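Trainee: This is the structure I have questions about; it appears just below.
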Amino acid sequence: MIYDNVSRRYHRVRSFARTALPLGLAAAVTAAGLVALSGTASAASTLGASAAERGRYFGAAVAANHLGEADYANALHTEFNMATPENEMKWDATEPSQGSFNFGNADRIVSDARGRGNRVRGHTLVWHSQLPGWVSGLSASALSSAMNNHITQLMTHYRGQIYAWDVVNEAFQDGGSGARRSSPFQDRLGNGFIEQAFRTARSVDPNAKLCYNDYNTDGQNAKSNAVFAMVQDFKNRGVPIDCVGFQSHFNSASPVPSDYQQNLQRFANLGVDVQITELDIEGSGTAQANSYTRVVNACLAVSRCAGITVWGVTDKYSWRASGTPLVLDGNYNKKPAYTAVLTALNNGTTPPPSSTTPPPPPPPGGCTVSYQETQRWPDRYNGQVTVRAGSTAITGWTTTVTITRPQQISATWNGNPTWDSSGNVMTMRNNSSNGNLAAGASTSFGFTVMMNGNSTAVPRLGSCSAS
Ligand code: G2I
């Protein structure tokens with residue numbers, strides 16, 4: 001696997017190198033590839049790395065049957081730091097007959113992502129589509145139990161491994177009515193099925209974010225107003241909901257709405273995260289690129305926009321392949337849309353250090369490390385460790401960062417991380433371009449920590465060893 005390995009220092013541009021890593025080491029590398037141009041803007045070289053530096057993720061829908069294709073896996077592993085199983089967690093795949101669960105394909109996607117320190121979105125627990133026939137044949141009370149059991153089995157199997165679940169998907173009708181969509185759940189259990197699903201989900205995995213996900217809700221309209229009213233009601237009554245997913249499937253008949261950002265913001269103002277969950281935009285060239293730019297800029301402008309997932313790695317396997325809606329073409333080449341996304345991400349404001357306290361004076365020889373938090377969101381923060389050489393030059397450094405559970409490191413940049421078996425201790429060593437430090441010179445690496453309910457614990461640094 002190839003990844004871009006670049007050092008990052010405020011106010012100083014450093015050299016850029018492409019490095020091939022042995023598989024075991026590469027597997028421990030999360031989004032990588034950053035180069036700094038200044039203290040506030042930096043030019044990362046992959047989508048995931050650039051998003052991570054801004055406290056966000058950039059993910060892709062993943063199909064298990066393509067993981068064995070080298071080009072697919074390379075593109076996935078290089079560019080993206082969040083994975084959503086495209087079909088493998090759906091009801092027809094996971095519980096094709098009642099009480100008999102299949103997790104094989106979904107497990108492959110989860111372990112592929114988690115093995116690289118990447119996050120996973122669970123998609124989806126309760127949806128009218130890709131629903132096996134047996135579900136539609138149940139009575140109301142049997143369906144209620146079956147729904148609770150399905151949620152419980154999936155969320156138990158993946159407990160602690162899923163960043164956010166699409167608990168309920170597409171429960172509202174298109175058009176101007178704002179009504180609920182007819183489905184076995186709606187028709188037998190009534191409006192309360194959504195609340196029931198969210199309450200059940202929270203009881204099974206209290207650390208996973210629980211999302212409502214839908215399409216044609218990307219701008220303000222009757223459908224998004226209906227979802228908005230539901231989320232507002234849930235927040236008022238204490239029904240557990242943490243996030244709203246905006247699928248964002250766009251084409252000429254359904255372009256990026258002019259009020260896209262405002263719509264994301266009004267949901268965020270209800271006290272939920274917003275996530276762009278299934279982005280694709282049919283088209284090509286500059287027009288497509290410009291639409292992608294608008295979506296990325298909208299997310300970056302909304303502080304509770306946690307990240308963006310595109311609905312596939314390559315046009316080749318898109319559900320709308322003929323519309324070439326993704327950022328890599330059918331041969332995994334970067335399209336203008338890719339460049340537009342990366343540029344928009346890189347132009348986003350890099351959080352400034354929250355404190356200007358200088359690191360302690362360097363000892364003779366060796367190196368020192370100091371920590372500062374650089375930005376905080378409701379659910380996560382970015383930390384930065386400055387590594388400074390002592391009075392003699394060094395050619396490499398290693399230190400450790402220990403986090404307190406349930407906090408979890410979800411992304412890193414500007415170093416080579418490995419984890420102990422508990423996952424609590426990250427050993428970070430220099431990458432190929434930031435190990436050489438002149439006497440007294442410094443470099444830095446960074447990471448994102450998901451707080452998972454613990455907002456007070458601070459990462460602890462080990463000592464710095466130099467070579
Ligand atoms: O339709 C686009 C998306 C809308 N939001 C919810 C998403 O879950 C949905 O994803 C699509 C997948 O991208 C398709 O891959 O959902 C479709 C089904 O509703 C998926 O298509 C299905 C085909 O219909 C099946 O024939 C096929 O067996 O994919 C299956 C697996 O390849």
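Letters A, B, ... mark the chains of the structure tokens in the order given; residue numbers begin at 1 per chain; ligand numbers begin at 1, in order shown.
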Residues of chain A within 6 Å of ligand 1: nearest atom pair and distance (Å, one decimal) for each, counting only C-alpha atoms and all ligand atoms, sorted by chain and number, as a Markdown table?
Mentor:
| residue | atom | partner | partner_atom_place_in_ligand_line | distance |
| --- | --- | --- | --- | --- |
| A:Glu86 | CA | ligand 1 | 13 (O) | 5.6 |
| A:Asn87 | CA | ligand 1 | 31 (C) | 5.9 |
| A:Ser129 | CA | ligand 1 | 19 (O) | 6.0 |
| A:Trp319 | CA | ligand 1 | 13 (O) | 4.8 |
Trainee: Counting only C-alpha atoms, which residues of segment 84-109 of chain A fall within 10 Å of segment 157-173 of chain A, and what is the closest atom pair for each with its distance in Å at one decimal, ordered by chain and rising number, as a Markdown table?
Mentor:
| residue | atom | partner | partner_atom | distance |
| --- | --- | --- | --- | --- |
| A:Thr84 | CA | A:Trp165 | CA | 9.7 |
| A:Phe103 | CA | A:His157 | CA | 8.5 |
| A:Ala106 | CA | A:Tyr158 | CA | 9.8 |
| A:Asp107 | CA | A:Tyr158 | CA | 8.7 |
Trainee: Run DSSP on the backbone and tell me which residues of segment 140-203 of chain A come out as strand (DSSP E); list them as a list of chain:residue names.
Mentor: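 Written out, the strand (DSSP E) residues of segment 140-203 of chain A are A:Ala164, A:Trp165, A:Asp166, A:Val167, A:Val168, A:Asn169.
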Trainee: Could you pull out all residues of segment 306-437 of chain A with a DSSP call of helix (DSSP H, G or I) and give them as a list in words?
Mentor: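 Output for segment 306-437 of chain A, helix (DSSP H, G or I) only: Asp315, Lys316, Tyr317, Ala321, Ser322, Gly323, Pro336, Ala337, Tyr338, Thr339, Ala340, Val341, Leu342, Thr343, Ala344, Leu345, Asn346 and Asn347 of chain A.
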Trainee: For Ala301 of chain A, please output as a ChimeraX atom specification all residues within 10 Å (counting only C-alpha atoms; exclusion window: fewer than 4 positions along the same chain).
Mentor: /A:261-262,264-265,295-297,305,348-349
Trainee: Find the residues around Leu300 of chain A up to 12 Å (only C-alpha atoms counted), leave out those fewer than 2 positions away in its own chain, and share them as a PyMOL selection string.
Mentor: chain A and resi 50-58+261+264-265+274-276+293-298+302-308+341+344-351
Trainee: What are the closest atom pairs, with distances in Å to one decimal, for all residues of segment 50-166 of chain A lying within 9 Å of segment 183-195 of chain A? Consider only C-alpha atoms, order rows by chain and residue number, and present the result as CSV.
Mentor:
residue,atom,partner,partner_atom,distance
A:Val126,CA,A:Phe185,CA,8.5
A:Trp127,CA,A:Ser183,CA,8.4
A:His128,CA,A:Ser183,CA,5.5
A:Ser129,CA,A:Ser183,CA,8.8
A:Val135,CA,A:Pro184,CA,7.6
A:Ser136,CA,A:Pro184,CA,5.6
A:Gly137,CA,A:Pro184,CA,8.6
A:Leu138,CA,A:Pro184,CA,8.7
A:Ser139,CA,A:Arg188,CA,7.4
A:Ala140,CA,A:Arg188,CA,5.1
A:Ser141,CA,A:Leu189,CA,8.3
A:Leu143,CA,A:Phe185,CA,7.5
A:Ser144,CA,A:Leu189,CA,7.1
A:Met147,CA,A:Phe185,CA,8.5
Trainee: For atom CA of Ser410 of chain A and atom CA of Asn454 of chain A, quote the distance in Å rounded to one decimal.
Mentor: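 The value is 14.8 Å.
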Trainee: Could you check how far atom CA of Ala93 of chain A sits from atom CA of His66 of chain A, in Å to one decimal?
Mentor: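 Separation between atom CA of Ala93 of chain A and atom CA of His66 of chain A: 16.4 Å.
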Trainee: Atom CA of Cys299 of chain A and atom CA of Pro417 of chain A are how many Å apart?
Mentor: 28.0 Å
Trainee: Leaving out Leu76 of chain A and any residue of its chain fewer than 4 positions from it, which residues lie within 8 Å of it when counting only C-alpha atoms, given as an MDAnalysis selection string?
Mentor: chainID A and resid 60 72 80 313
Trainee: Generate the output file for the selected residues, C-alpha atoms, as an mmCIF file, in the first residue's frame.
Mentor:
data_model
loop_
_atom_site.group_PDB
_atom_site.id
_atom_site.type_symbol
_atom_site.label_atom_id
_atom_site.label_comp_id
_atom_site.auth_asym_id
_atom_site.auth_seq_id
_atom_site.Cartn_x
_atom_site.Cartn_y
_atom_site.Cartn_z
ATOM 1 C CA ALA A 60 -16.935 6.121 1.206
ATOM 2 C CA TYR A 72 -10.195 -0.586 -5.223
ATOM 3 C CA PHE A 80 -10.900 7.623 2.906
ATOM 4 C CA VAL A 313 -15.120 4.570 -4.177
#
Trainee: Near Phe447 of chain A, counting only C-alpha atoms, which residues have an atom at most 7 Å away, once you skip same-chain residues fewer than 4 positions from it, shown as a list in words?
Mentor: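 With the cut-off at 7 Å, the set is Asn382, Gly383, Gln384, Ile409, Ala411, Thr412 and Trp413 of chain A.
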Trainee: Could you take the residues named above and write them with N, CA, C and O atoms, as a PDB file, in the first residue's frame?
Mentor:
ATOM      1  N   ASN A 382      -9.301  17.938  18.602  1.00  0.00           N
ATOM      2  CA  ASN A 382      -8.024  17.663  17.956  1.00  0.00           C
ATOM      3  C   ASN A 382      -6.903  18.013  18.917  1.00  0.00           C
ATOM      4  O   ASN A 382      -6.957  19.061  19.583  1.00  0.00           O
ATOM      5  N   GLY A 383      -5.909  17.152  18.999  1.00  0.00           N
ATOM      6  CA  GLY A 383      -4.742  17.411  19.817  1.00  0.00           C
ATOM      7  C   GLY A 383      -3.510  17.505  18.934  1.00  0.00           C
ATOM      8  O   GLY A 383      -3.461  16.922  17.852  1.00  0.00           O
ATOM      9  N   GLN A 384      -2.538  18.250  19.418  1.00  0.00           N
ATOM     10  CA  GLN A 384      -1.284  18.385  18.680  1.00  0.00           C
ATOM     11  C   GLN A 384      -0.124  18.189  19.639  1.00  0.00           C
ATOM     12  O   GLN A 384      -0.124  18.748  20.744  1.00  0.00           O
ATOM     13  N   ILE A 409      -9.010   7.468  19.861  1.00  0.00           N
ATOM     14  CA  ILE A 409      -8.379   8.205  18.761  1.00  0.00           C
ATOM     15  C   ILE A 409      -8.981   7.712  17.451  1.00  0.00           C
ATOM     16  O   ILE A 409      -9.001   6.518  17.183  1.00  0.00           O
ATOM     17  N   ALA A 411      -8.363   9.454  14.263  1.00  0.00           N
ATOM     18  CA  ALA A 411      -7.565   9.819  13.086  1.00  0.00           C
ATOM     19  C   ALA A 411      -6.249  10.406  13.564  1.00  0.00           C
ATOM     20  O   ALA A 411      -6.179  10.951  14.676  1.00  0.00           O
ATOM     21  N   THR A 412      -5.214  10.266  12.751  1.00  0.00           N
ATOM     22  CA  THR A 412      -3.918  10.857  13.091  1.00  0.00           C
ATOM     23  C   THR A 412      -3.304  11.461  11.837  1.00  0.00           C
ATOM     24  O   THR A 412      -3.699  11.118  10.732  1.00  0.00           O
ATOM     25  N   TRP A 413      -2.330  12.342  12.016  1.00  0.00           N
ATOM     26  CA  TRP A 413      -1.595  12.838  10.871  1.00  0.00           C
ATOM     27  C   TRP A 413      -0.171  13.202  11.284  1.00  0.00           C
ATOM     28  O   TRP A 413       0.117  13.444  12.442  1.00  0.00           O
TER      29      TRP A 413
END
Trainee: Do a neighbour search on Gly104 of chain A at 12 Å with only C-alpha atoms, toss out local chain neighbours closer than 3 positions, and write the hits as number ranges by chain.
Mentor: A: 64-65, 85, 88-89, 93-95, 101, 107-111, 157
Trainee: Write to file, as a JSON list (two decimals), in the first residue's frame, the residues of the selection just made, with N, CA and C atoms.
Mentor:
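Below is the file that was written, again-v1.json:
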[["chain", "number", "residue", "atom", "x", "y", "z"],
["A", 64, "ALA", "N", -18.22, -5.16, 0.04],
["A", 64, "ALA", "CA", -17.28, -6.20, 0.48],
["A", 64, "ALA", "C", -16.69, -6.97, -0.71],
["A", 65, "ASN", "N", -17.51, -7.17, -1.75],
["A", 65, "ASN", "CA", -17.01, -8.02, -2.84],
["A", 65, "ASN", "C", -15.97, -7.33, -3.71],
["A", 85, "PRO", "N", -20.79, 0.30, 4.99],
["A", 85, "PRO", "CA", -21.15, -0.84, 4.14],
["A", 85, "PRO", "C", -22.33, -0.44, 3.24],
["A", 88, "GLU", "N", -24.25, -4.40, 2.97],
["A", 88, "GLU", "CA", -23.96, -5.59, 3.76],
["A", 88, "GLU", "C", -24.56, -5.60, 5.15],
["A", 89, "MET", "N", -25.01, -4.43, 5.64],
["A", 89, "MET", "CA", -25.65, -4.41, 6.97],
["A", 89, "MET", "C", -27.16, -4.30, 6.88],
["A", 93, "ALA", "N", -29.55, -8.67, 4.08],
["A", 93, "ALA", "CA", -28.22, -9.29, 4.14],
["A", 93, "ALA", "C", -27.94, -9.88, 5.52],
["A", 94, "THR", "N", -28.45, -9.25, 6.57],
["A", 94, "THR", "CA", -28.07, -9.67, 7.92],
["A", 94, "THR", "C", -29.06, -10.62, 8.59],
["A", 95, "GLU", "N", -30.35, -10.54, 8.20],
["A", 95, "GLU", "CA", -31.34, -11.46, 8.80],
["A", 95, "GLU", "C", -32.31, -11.94, 7.71],
["A", 101, "PHE", "N", -28.88, -14.91, 11.64],
["A", 101, "PHE", "CA", -28.11, -13.69, 11.31],
["A", 101, "PHE", "C", -26.82, -14.03, 10.56],
["A", 107, "ASP", "N", -18.75, -7.91, 8.39],
["A", 107, "ASP", "CA", -17.55, -8.04, 9.22],
["A", 107, "ASP", "C", -16.28, -7.73, 8.43],
["A", 108, "ARG", "N", -16.26, -8.15, 7.17],
["A", 108, "ARG", "CA", -15.05, -7.90, 6.35],
["A", 108, "ARG", "C", -14.82, -6.39, 6.19],
["A", 109, "ILE", "N", -15.89, -5.65, 5.99],
["A", 109, "ILE", "CA", -15.75, -4.20, 5.83],
["A", 109, "ILE", "C", -15.34, -3.56, 7.14],
["A", 110, "VAL", "N", -15.97, -4.00, 8.23],
["A", 110, "VAL", "CA", -15.66, -3.41, 9.54],
["A", 110, "VAL", "C", -14.21, -3.71, 9.91],
["A", 111, "SER", "N", -13.76, -4.93, 9.72],
["A", 111, "SER", "CA", -12.38, -5.22, 10.15],
["A", 111, "SER", "C", -11.37, -4.54, 9.23],
["A", 157, "HIS", "N", -23.64, -7.20, 18.10],
["A", 157, "HIS", "CA", -22.52, -7.78, 17.34],
["A", 157, "HIS", "C", -21.42, -6.75, 17.10]]
Trainee: Determine the nearest neighbour of Ile281 of chain A from the options A:Asn74, A:Ser248, A:Asn148, A:Ser432, counting only C-alpha atoms.
Mentor: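 Checking each candidate against Ile281 of chain A, we get A:Ser248 as the closest.
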